[in-house]
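Listing of input-v1.csv; format and content: CSV, C-alpha atoms and all ligand atoms.
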```csv
chain,number,residue,atom,x,y,z
R,1189,MET,CA,-7.2,19.2,133.9
R,1190,ARG,CA,-3.7,20.6,132.8
R,1191,LYS,CA,-5.3,21.7,129.5
R,1192,ARG,CA,-8.1,23.6,131.3
R,1193,LEU,CA,-5.5,25.3,133.6
R,1194,LEU,CA,-3.5,26.3,130.6
R,1195,CYS,CA,-6.6,27.8,128.9
R,1196,ALA,CA,-7.4,29.8,132.0
R,1197,LEU,CA,-3.9,31.1,132.1
R,1198,CYS,CA,-4.1,32.1,128.4
R,1199,VAL,CA,-7.4,34.0,129.0
R,1200,LEU,CA,-5.8,35.8,132.0
R,1201,LEU,CA,-2.8,36.8,129.9
R,1202,LEU,CA,-5.0,38.1,127.1
R,1203,VAL,CA,-7.0,40.2,129.6
R,1204,MET,CA,-3.8,41.6,131.0
R,1205,LEU,CA,-2.3,42.3,127.5
R,1206,SER,CA,-5.4,44.1,126.3
R,1207,GLY,CA,-4.8,46.7,128.9
R,1208,CYS,CA,-1.1,47.2,127.9
R,1209,GLY,CA,-0.1,50.8,127.3
R,1210,ARG,CA,-3.4,52.1,128.8
R,1211,GLU,CA,-2.5,54.8,131.3
R,1212,LYS,CA,-5.7,56.3,132.6
R,1213,GLU,CA,-9.4,56.0,132.6
R,1214,GLU,CA,-12.1,58.6,133.0
R,1215,PRO,CA,-13.4,60.0,136.3
R,1216,ALA,CA,-17.1,59.1,136.8
R,1217,ASP,CA,-18.2,62.8,136.9
R,1218,SER,CA,-16.4,63.9,133.7
R,1219,LYS,CA,-18.0,66.3,131.2
R,1220,LEU,CA,-16.9,64.1,128.4
R,1221,VAL,CA,-14.7,61.1,127.7
R,1222,LEU,CA,-11.8,61.7,125.3
R,1223,GLY,CA,-9.9,58.7,123.9
R,1224,PHE,CA,-6.4,59.7,123.0
R,1225,SER,CA,-3.9,57.5,121.2
R,1226,GLN,CA,-0.3,58.8,121.7
R,1227,ILE,CA,2.5,57.7,119.3
R,1228,GLY,CA,4.9,56.6,122.0
R,1229,SER,CA,7.7,58.1,124.2
R,1230,GLU,CA,10.4,58.6,121.7
R,1231,SER,CA,11.5,62.1,122.7
R,1232,ALA,CA,11.4,64.7,125.5
R,1233,TRP,CA,8.9,66.5,123.2
R,1234,ARG,CA,6.6,63.5,123.2
R,1235,ILE,CA,6.8,63.0,126.9
R,1236,GLY,CA,6.1,66.7,127.4
R,1237,ASN,CA,3.1,66.5,125.1
R,1238,THR,CA,1.6,63.5,127.0
R,1239,LYS,CA,2.1,65.3,130.3
R,1240,ASP,CA,0.5,68.5,129.0
R,1241,ILE,CA,-2.6,66.6,127.6
R,1242,GLU,CA,-3.0,64.7,130.9
R,1243,GLU,CA,-2.7,68.0,132.9
R,1244,GLN,CA,-5.1,69.9,130.7
R,1245,ALA,CA,-7.7,67.0,130.7
R,1246,GLY,CA,-7.6,67.3,134.6
R,1247,ALA,CA,-7.9,71.1,134.5
R,1248,TYR,CA,-11.0,70.9,132.1
R,1249,GLY,CA,-12.6,68.0,134.0
R,1250,ILE,CA,-12.4,65.8,130.9
R,1251,GLY,CA,-12.1,62.0,131.3
R,1252,LEU,CA,-9.1,60.8,129.4
R,1253,MET,CA,-8.5,57.3,128.1
R,1254,LEU,CA,-4.9,57.5,127.1
R,1255,GLU,CA,-3.1,54.8,125.2
R,1256,ASN,CA,0.6,54.7,124.3
R,1257,ALA,CA,1.2,53.0,121.0
R,1258,ASN,CA,4.9,52.4,121.4
R,1259,GLN,CA,5.6,53.8,117.9
R,1260,LYS,CA,3.4,51.2,116.1
R,1261,LYS,CA,0.6,52.2,113.8
R,1262,GLU,CA,-1.2,48.9,114.4
R,1263,ASN,CA,-1.4,49.7,118.1
R,1264,GLN,CA,-2.9,53.0,117.3
R,1265,ILE,CA,-5.6,51.4,115.1
R,1266,ALA,CA,-6.4,48.9,117.9
R,1267,ALA,CA,-6.6,51.7,120.4
R,1268,ILE,CA,-9.0,53.7,118.2
R,1269,ARG,CA,-11.2,50.5,117.8
R,1270,ARG,CA,-11.3,50.2,121.6
R,1271,PHE,CA,-12.3,53.8,122.0
R,1272,ILE,CA,-15.2,53.2,119.5
R,1273,ALA,CA,-16.2,50.0,121.4
R,1274,TYR,CA,-16.2,52.0,124.6
R,1275,LYS,CA,-18.3,54.7,123.0
R,1276,VAL,CA,-16.1,57.7,124.0
R,1277,ASP,CA,-17.5,61.1,123.1
R,1278,VAL,CA,-14.5,62.2,121.1
R,1279,ILE,CA,-11.4,60.5,119.7
R,1280,ALA,CA,-8.0,62.2,119.3
R,1281,PHE,CA,-4.8,60.7,118.0
R,1282,SER,CA,-1.3,61.7,116.8
R,1283,PRO,CA,-0.7,59.5,113.7
R,1284,VAL,CA,2.8,58.1,113.6
R,1285,VAL,CA,2.7,58.2,109.8
R,1286,GLU,CA,0.3,59.8,107.3
R,1287,ASP,CA,-1.0,56.7,105.5
R,1288,GLY,CA,-3.3,53.8,106.4
R,1289,TRP,CA,-6.1,55.3,108.6
R,1290,GLU,CA,-9.0,55.3,106.2
R,1291,ASN,CA,-10.8,52.1,107.4
R,1292,VAL,CA,-10.6,52.8,111.1
R,1293,LEU,CA,-11.7,56.4,110.6
R,1294,LYS,CA,-14.7,55.2,108.6
R,1295,GLU,CA,-15.6,53.0,111.6
R,1296,ALA,CA,-15.4,56.0,113.9
R,1297,ARG,CA,-17.6,58.1,111.5
R,1298,ASP,CA,-20.1,55.2,111.3
R,1299,ALA,CA,-20.2,55.2,115.1
R,1300,GLY,CA,-20.9,59.0,115.1
R,1301,ILE,CA,-17.7,59.8,117.0
R,1302,PRO,CA,-15.8,62.9,115.9
R,1303,VAL,CA,-12.0,62.6,115.5
R,1304,ILE,CA,-9.3,65.2,116.2
R,1305,LEU,CA,-5.8,65.0,114.8
R,1306,VAL,CA,-3.2,66.1,117.3
R,1307,ASP,CA,0.4,67.1,116.3
R,1308,ARG,CA,0.5,65.2,112.9
R,1309,ASP,CA,-1.6,65.0,109.8
R,1310,ILE,CA,-2.9,62.1,107.7
R,1311,SER,CA,-3.4,61.5,104.0
R,1312,THR,CA,-6.7,59.8,103.0
R,1313,LYS,CA,-8.5,59.5,99.6
R,1314,GLU,CA,-11.8,60.4,101.3
R,1315,GLU,CA,-12.1,63.9,102.8
R,1316,GLY,CA,-13.8,64.7,106.0
R,1317,LEU,CA,-12.9,61.7,108.1
R,1318,THR,CA,-11.4,64.0,110.8
R,1319,THR,CA,-12.8,67.2,112.1
R,1320,CYS,CA,-9.6,69.3,112.6
R,1321,LEU,CA,-5.8,69.3,113.2
R,1322,ILE,CA,-4.2,70.8,116.2
R,1323,GLY,CA,-0.4,70.9,115.7
R,1324,ALA,CA,2.6,72.8,114.6
R,1325,ASP,CA,3.2,74.2,111.1
R,1326,PHE,CA,6.1,71.9,110.3
R,1327,TYR,CA,6.7,73.4,106.8
R,1328,LYS,CA,7.2,76.8,108.5
R,1329,GLU,CA,9.7,75.2,110.9
R,1330,GLY,CA,11.7,73.9,108.0
R,1331,VAL,CA,11.6,77.4,106.4
R,1332,MET,CA,12.7,79.0,109.7
R,1333,ALA,CA,15.6,76.5,110.0
R,1334,ALA,CA,16.8,77.3,106.4
R,1335,GLU,CA,16.4,81.1,106.9
R,1336,TYR,CA,18.6,80.9,109.9
R,1337,LEU,CA,21.2,78.9,107.9
R,1338,ILE,CA,21.1,81.5,105.1
R,1339,ARG,CA,21.7,84.4,107.6
R,1340,LYS,CA,24.6,82.4,109.2
R,1341,VAL,CA,26.3,81.6,105.9
R,1342,ASP,CA,25.9,85.3,104.9
R,1343,LYS,CA,27.5,86.4,108.2
R,1344,LEU,CA,30.4,83.9,107.9
R,1345,GLY,CA,30.9,84.9,104.2
R,1346,LEU,CA,30.9,81.2,103.1
R,1347,THR,CA,30.7,80.5,99.4
R,1348,ARG,CA,29.8,76.8,99.7
R,1349,VAL,CA,28.4,74.6,102.5
R,1350,ASN,CA,27.9,70.9,102.6
R,1351,ILE,CA,24.7,69.9,104.5
R,1352,VAL,CA,23.7,66.6,106.0
R,1353,GLU,CA,20.1,66.1,107.1
R,1354,ILE,CA,19.0,63.7,109.8
R,1355,THR,CA,15.3,63.3,109.2
R,1356,GLY,CA,12.4,62.3,111.5
R,1357,THR,CA,10.3,59.1,111.1
R,1358,LYS,CA,9.9,58.3,107.4
R,1359,ASP,CA,6.5,59.3,106.0
R,1360,SER,CA,5.5,61.2,109.1
R,1361,THR,CA,4.1,64.8,108.7
R,1362,PRO,CA,7.0,66.5,110.5
R,1363,MET,CA,9.6,64.6,108.5
R,1364,LEU,CA,7.9,65.4,105.1
R,1365,GLN,CA,7.0,69.0,105.9
R,1366,ARG,CA,10.3,70.1,107.7
R,1367,GLN,CA,12.3,68.7,104.8
R,1368,ALA,CA,10.0,70.3,102.2
R,1369,GLY,CA,10.2,73.7,103.9
R,1370,PHE,CA,13.9,73.6,104.4
R,1371,MET,CA,14.7,72.4,100.8
R,1372,ALA,CA,12.4,74.9,99.2
R,1373,THR,CA,14.0,77.7,101.1
R,1374,ILE,CA,17.6,76.9,100.2
R,1375,ALA,CA,16.7,75.9,96.6
R,1376,GLY,CA,18.3,78.3,94.2
R,1377,ASP,CA,21.0,79.4,96.7
R,1378,GLU,CA,24.1,78.0,95.0
R,1379,ARG,CA,26.1,78.0,98.2
R,1380,MET,CA,23.9,75.2,99.6
R,1381,ASN,CA,24.9,71.6,98.8
R,1382,VAL,CA,22.9,68.8,100.4
R,1383,LEU,CA,25.2,65.8,100.7
R,1384,GLU,CA,22.6,63.3,102.0
R,1385,SER,CA,19.5,62.8,104.1
R,1386,VAL,CA,19.1,59.8,106.3
R,1387,ASP,CA,16.1,58.6,108.4
R,1388,GLY,CA,16.9,59.0,112.2
R,1389,ASP,CA,13.3,58.1,113.3
R,1390,PHE,CA,13.3,60.9,115.9
R,1391,LEU,CA,15.5,58.7,118.2
R,1392,LYS,CA,18.7,59.7,120.0
R,1393,SER,CA,20.3,56.3,119.2
R,1394,ARG,CA,19.5,56.8,115.5
R,1395,GLY,CA,20.9,60.3,115.6
R,1396,GLU,CA,24.1,58.9,116.9
R,1397,GLU,CA,24.2,56.2,114.1
R,1398,CYS,CA,23.4,58.6,111.3
R,1399,MET,CA,26.1,61.0,112.4
R,1400,ARG,CA,28.7,58.2,112.6
R,1401,TYR,CA,27.6,57.2,109.1
R,1402,PHE,CA,27.9,60.7,107.7
R,1403,LEU,CA,31.3,61.2,109.3
R,1404,ASP,CA,32.6,57.9,108.0
R,1405,LYS,CA,31.4,58.8,104.5
R,1406,TYR,CA,32.1,62.6,104.3
R,1407,GLY,CA,34.6,63.2,107.1
R,1408,ASP,CA,35.4,66.9,107.8
R,1409,THR,CA,33.8,68.1,104.6
R,1410,ILE,CA,30.5,68.4,106.4
R,1411,ASP,CA,29.7,72.0,107.3
R,1412,VAL,CA,26.1,71.8,108.4
R,1413,VAL,CA,23.9,69.3,110.3
R,1414,PHE,CA,20.2,69.9,110.0
R,1415,SER,CA,18.4,67.5,112.4
R,1416,HIS,CA,14.7,67.2,112.6
R,1417,ASN,CA,14.5,67.0,116.4
R,1418,ASP,CA,16.5,67.6,119.5
R,1419,GLU,CA,16.8,63.9,120.5
R,1420,MET,CA,18.7,63.1,117.3
R,1421,THR,CA,20.8,66.2,117.6
R,1422,ILE,CA,21.8,65.3,121.1
R,1423,GLY,CA,22.7,61.8,119.9
R,1424,ALA,CA,24.8,63.2,117.0
R,1425,LEU,CA,26.9,65.8,119.0
R,1426,PRO,CA,29.3,63.3,120.8
R,1427,GLU,CA,30.0,61.6,117.5
R,1428,ILE,CA,31.2,64.9,116.0
R,1429,GLU,CA,33.4,65.5,119.1
R,1430,LYS,CA,34.8,62.0,118.9
R,1431,ALA,CA,35.8,62.8,115.3
R,1432,GLY,CA,37.9,65.7,116.7
R,1433,LEU,CA,35.5,68.4,115.4
R,1434,ALA,CA,33.7,71.1,117.5
R,1435,PRO,CA,29.9,71.2,117.0
R,1436,GLY,CA,28.7,74.8,116.8
R,1437,LYS,CA,32.1,76.0,115.5
R,1438,ASP,CA,33.5,73.6,112.9
R,1439,LEU,CA,30.0,72.5,112.0
R,1440,ILE,CA,26.8,74.6,112.1
R,1441,ILE,CA,24.2,72.6,114.1
R,1442,ILE,CA,20.5,73.2,113.5
R,1443,SER,CA,17.8,71.4,115.5
R,1444,ILE,CA,14.0,71.5,116.0
R,1445,ASP,CA,11.8,71.2,119.2
R,1446,GLY,CA,13.4,73.5,121.8
R,1447,GLY,CA,13.4,71.2,124.7
R,1448,GLN,CA,15.4,72.2,127.8
R,1449,GLU,CA,18.3,69.8,127.1
R,1450,ALA,CA,18.9,71.3,123.6
R,1451,ILE,CA,18.5,74.8,124.9
R,1452,ASN,CA,21.2,74.1,127.5
R,1453,VAL,CA,23.5,72.9,124.7
R,1454,LEU,CA,22.6,76.0,122.7
R,1455,LYS,CA,23.8,78.0,125.7
R,1456,GLU,CA,27.1,76.0,125.7
R,1457,GLY,CA,27.6,77.0,122.0
R,1458,LYS,CA,27.4,73.4,120.6
R,1459,ILE,CA,24.1,74.0,118.9
R,1460,ASN,CA,23.7,77.1,116.8
R,1461,CYS,CA,19.9,77.2,116.2
R,1462,VAL,CA,16.9,75.5,117.6
R,1463,VAL,CA,13.5,76.1,116.0
R,1464,GLU,CA,10.7,75.8,118.5
R,1465,CYS,CA,8.0,73.1,118.1
R,1466,THR,CA,5.8,73.3,121.1
R,1467,PRO,CA,4.3,70.1,122.6
R,1468,LYS,CA,1.7,72.2,124.6
R,1469,LEU,CA,-1.3,71.3,122.6
R,1470,GLY,CA,-3.5,70.1,125.5
R,1471,LYS,CA,-5.5,73.3,126.1
R,1472,ALA,CA,-6.5,73.6,122.4
R,1473,LEU,CA,-7.4,69.9,122.4
R,1474,MET,CA,-9.7,70.1,125.4
R,1475,GLU,CA,-11.4,73.2,124.2
R,1476,THR,CA,-12.0,71.7,120.8
R,1477,ALA,CA,-13.3,68.4,122.2
R,1478,LEU,CA,-15.8,70.3,124.4
R,1479,ARG,CA,-17.0,72.3,121.4
R,1480,LEU,CA,-17.5,69.1,119.4
R,1481,LYS,CA,-19.4,67.5,122.3
R,1482,ASN,CA,-21.7,70.6,122.4
R,1483,GLY,CA,-22.3,70.4,118.6
R,1484,GLU,CA,-20.4,73.7,118.0
R,1485,GLY,CA,-18.2,74.4,115.0
R,1486,VAL,CA,-14.4,74.2,115.3
R,1487,GLU,CA,-11.4,75.6,113.4
R,1488,THR,CA,-10.1,73.1,110.9
R,1489,VAL,CA,-6.4,73.8,111.6
R,1490,ILE,CA,-5.0,75.3,114.8
R,1491,HIS,CA,-1.2,76.1,114.6
R,1492,PRO,CA,0.5,77.3,117.8
R,1493,GLU,CA,2.8,80.3,117.6
R,1494,GLU,CA,6.5,79.2,117.5
R,1495,GLN,CA,9.9,81.0,117.6
R,1496,VAL,CA,13.6,80.5,116.8
R,1497,PHE,CA,16.3,80.3,119.5
R,1498,SER,CA,19.8,80.8,118.2
R,1499,ASP,CA,23.3,82.3,118.6
R,1500,GLU,CA,21.9,85.5,117.0
R,1501,MET,CA,20.2,86.3,120.3
R,1502,ASP,CA,21.1,86.7,124.0
R,1503,VAL,CA,20.5,83.0,124.9
R,1504,SER,CA,20.7,83.7,128.6
R,1505,THR,CA,17.2,85.3,128.4
R,1506,ILE,CA,15.5,82.0,127.3
R,1507,ALA,CA,13.0,81.1,129.9
R,1508,PRO,CA,12.8,77.5,131.3
R,1509,ARG,CA,11.1,75.4,128.7
R,1510,GLY,CA,9.1,72.9,130.7
R,1511,TYR,CA,9.9,69.9,128.5
R,1601,LIG,O1,5.6,65.3,115.7
R,1601,LIG,C1,6.5,66.1,116.5
R,1601,LIG,C2,7.8,65.5,116.6
R,1601,LIG,O2,7.7,64.2,117.1
R,1601,LIG,C3,8.9,66.2,117.4
R,1601,LIG,O3,9.7,67.1,116.7
R,1601,LIG,C4,9.7,65.0,117.9
R,1601,LIG,O4,10.6,65.3,118.8
R,1601,LIG,C5,8.6,64.1,118.2
R,1601,LIG,O5,9.0,62.9,118.5
```
What would you get if you wrote out this structure as C-alpha cells?
Amino acid sequence: MRKRLLCALCVLLLVMLSGCGREKEEPADSKLVLGFSQIGSESAWRIGNTKDIEEQAGAYGIGLMLENANQKKENQIAAIRRFIAYKVDVIAFSPVVEDGWENVLKEARDAGIPVILVDRDISTKEEGLTTCLIGADFYKEGVMAAEYLIRKVDKLGLTRVNIVEITGTKDSTPMLQRQAGFMATIAGDERMNVLESVDGDFLKSRGEECMRYFLDKYGDTIDVVFSHNDEMTIGALPEIEKAGLAPGKDLIIISIDGGQEAINVLKEGKINCVVECTPKLGKALMETALRLKNGEGVETVIHPEEQVFSDEMDVSTIAPRGY
C-alpha cells in the first residue's frame, strides 16, 4: 500500500515537473502555434525579449508555447522535442551556445516543422536544418564598440591603453562575434593592449567577480573595460569605485545592449559608450512564422538596425528604452 502511494506521488511529481518553465499555451482560435524555447532570464535584455515576443504573438493572434530553459542547453533540446510531439506549426529558439543542435533539428526536419533561430546562431555540419536567423549583427556591435574606443583614445591623445574584456557566455554567438569584431578593429593599432579576457556569462554577479579579479591582478593600470552586456557592466562598476577609481573618468567603460539601467548610468557619466542590441525581435519573428506557415519564402538573415549611445552625443535626448 505504502509502495503504491509512493508510486502515485512520483507520477504526480513527474507530471508537475514536465510542465516546469512552460509559461503559456496557445489560444484555441490561433492562426498558428509557435513553440519558442527561450534561453533564460539572465539579463534585462532577455526579459525584454521574452516580453516583446509574448506581446507580438498576442498582437498577431499567434498561439505561443513558451518555455524558459534556465540557461541550460539540455532544457532547450527537451523543449524542442516537446514542441515536435505537440506538432506545433513552427519552432523558434534562441540557442544558448552554437554547438550541439544537429540531432534535435533533424528530428524537427523529419517531422516537417520549420525552425527559426532567434537572437543567436548555431554551428552544424549539415546545412539547412533551420530556415532563417532573426537577430543582431553581433560582429558589427563589436566593431562599433572598438570604433568608439579609437575615437575616444584619439580625442584624449593617449599613446597606450590597457584593455580588459568581460565576455558573454563562452561559445555563444554574441560572445564569439562581439569579441571577433572588436579585436579585428583594434588590431594593428599599437596603442591598444588587451590585458585579458574573462568569461562573465552575461551575468551581473559574474561581471562583479571578473572586475574584482582584474583589479586584483592589474590594479590601476587598467584603462578600458569592454563588457559584452549591460548586466556585467553594472556588476563591475561598484568594484571599480571600491578600488578608489572613477568609472567613466579614470577608466573608459564600454557596454553592449542599451537597456534603461545602463543608459541612466551613461547619463551619470559612469559609462562612456553603450552599443545598442535590441531585444525587439518579436514582430519579425511573428511575420516570418506566418510566412512559413503559408509556404512563402523568407529572408535567411534579418538583422535589426542598431545605434551607438555615448558621451559623444547629447545623452539627454535618448528616448526611454522600454527594457
Ligand atoms: O544574445 C544577446 C545577449 O544575451 C545580450 O547582449 C545579453 O544581455 C543577453 O543575455
Give as a ChimeraX atom specification every residue, naming chains and numbers as the document does, that has an atom within 10 Å of (18.6, 62.9, 116.2), counting only C-alpha atoms. /R:1231,1353-1356,1387-1399,1414-1425,1443-1444
Quick one: residues within 10 Å of ligand LIG 1601 (chain R), with all atoms listed in the file, as a ChimeraX atom specification? /R:1227-1237,1259,1282-1285,1306-1309,1323-1324,1326,1329,1356-1357,1360-1363,1366,1389-1392,1415-1420,1443-1447,1463-1467
One decimal, in Å: what's the spacing between CA of Glu1475 in chain R and CA of Gly1316 in chain R?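 Taking CA of Glu1475 in chain R and CA of Gly1316 in chain R, their separation equals 20.2 Å.
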Can you write out as a tab-separated table which residues of range 1368-1453 of chain R fall within 7 Å of range 1340-1349 of chain R, alongside each residue's closest atom pair and its distance in Å to one decimal, counting all atoms listed in the file and ordering rows by chain and ascending residue number?
```
residue	atom	partner	partner_atom	distance
R:Arg1379	CA	R:Arg1348	CA	4.2
R:Met1380	CA	R:Val1349	CA	5.4
R:Asn1381	CA	R:Val1349	CA	5.9
R:Asp1411	CA	R:Val1349	CA	5.6
R:Val1412	CA	R:Val1349	CA	6.9
```
Pairwise distance for CA of Ser1504 in chain R and CA of Leu1469 in chain R, rounded to one decimal in Å: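 Calculated distance between CA of Ser1504 in chain R and CA of Leu1469 in chain R is 26.0 Å.
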Have a look at CA of Asn1350 in chain R and CA of Gly1407 in chain R and let me know their distance in Å, one decimal.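 Interatomic distance here is 11.2 Å.
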So which residues touch Val1276 in chain R within 8 Å, counting all atoms listed in the file, skipping near sequence neighbours fewer than 5 positions away, as a PDB file with C-alpha atoms, keeping the file's coordinate frame?
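File out_14.pdb, as written:
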```pdb
ATOM      1  CA  LEU R1220     -16.900  64.100 128.400  1.00  0.00           C
ATOM      2  CA  VAL R1221     -14.700  61.100 127.700  1.00  0.00           C
ATOM      3  CA  LEU R1222     -11.800  61.700 125.300  1.00  0.00           C
ATOM      4  CA  GLY R1223      -9.900  58.700 123.900  1.00  0.00           C
ATOM      5  CA  PHE R1271     -12.300  53.800 122.000  1.00  0.00           C
ATOM      6  CA  ILE R1301     -17.700  59.800 117.000  1.00  0.00           C
TER       7      ILE R1301
END
```
Kindly assemble as a tab-separated table a list of the range 1405-1491 of chain R residues that lie within 10 Å of range 1245-1256 of chain R, each paired with its nearest atom pair and their distance in Å to one decimal, using all atoms listed in the file, sorted first by chain and then by ascending residue number.
```
residue	atom	partner	partner_atom	distance
R:Gly1470	CA	R:Ala1245	CA	7.4
R:Lys1471	CA	R:Ala1245	CA	8.1
R:Leu1473	CA	R:Ala1245	CA	8.8
R:Met1474	CA	R:Ala1245	CA	6.5
R:Glu1475	CA	R:Tyr1248	CA	8.2
R:Ala1477	CA	R:Ile1250	CA	9.1
R:Leu1478	CA	R:Ile1250	CA	8.6
```
Identify which of the residues R:Asp1277, R:Glu1500, R:Asp1377, R:Glu1315 lies closest to Ala1334 in chain R, counting all atoms listed in the file when measuring atom-to-atom distances.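 Closest to Ala1334 in chain R, using all atoms listed in the file: R:Asp1377.
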Near-Glu1314 in chain R list (12 Å; all atoms listed in the file; drop same-chain fewer than 3 positions) as an mmCIF file with C-alpha atoms, in the coordinates of the input:
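Result written to around-v8.cif:
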```cif
data_model
loop_
_atom_site.group_PDB
_atom_site.id
_atom_site.type_symbol
_atom_site.label_atom_id
_atom_site.label_comp_id
_atom_site.auth_asym_id
_atom_site.auth_seq_id
_atom_site.Cartn_x
_atom_site.Cartn_y
_atom_site.Cartn_z
ATOM 1 C CA GLY R 1288 -3.300 53.800 106.400
ATOM 2 C CA TRP R 1289 -6.100 55.300 108.600
ATOM 3 C CA GLU R 1290 -9.000 55.300 106.200
ATOM 4 C CA ASN R 1291 -10.800 52.100 107.400
ATOM 5 C CA LEU R 1293 -11.700 56.400 110.600
ATOM 6 C CA LYS R 1294 -14.700 55.200 108.600
ATOM 7 C CA ARG R 1297 -17.600 58.100 111.500
ATOM 8 C CA ILE R 1310 -2.900 62.100 107.700
ATOM 9 C CA SER R 1311 -3.400 61.500 104.000
ATOM 10 C CA LEU R 1317 -12.900 61.700 108.100
ATOM 11 C CA THR R 1318 -11.400 64.000 110.800
#
```
Counting only C-alpha atoms, figure out which residue out of R:Ile1279, R:Ile1490, R:Val1462, R:Val1453 gets nearest to Ala1296 in chain R.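 Closest to Ala1296 in chain R of all the choices is R:Ile1279.
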Quick one: residues within 8 Å of Ala1257 in chain R, only C-alpha atoms counted, chain neighbours fewer than 4 positions away excluded, as a count of residues only? 9
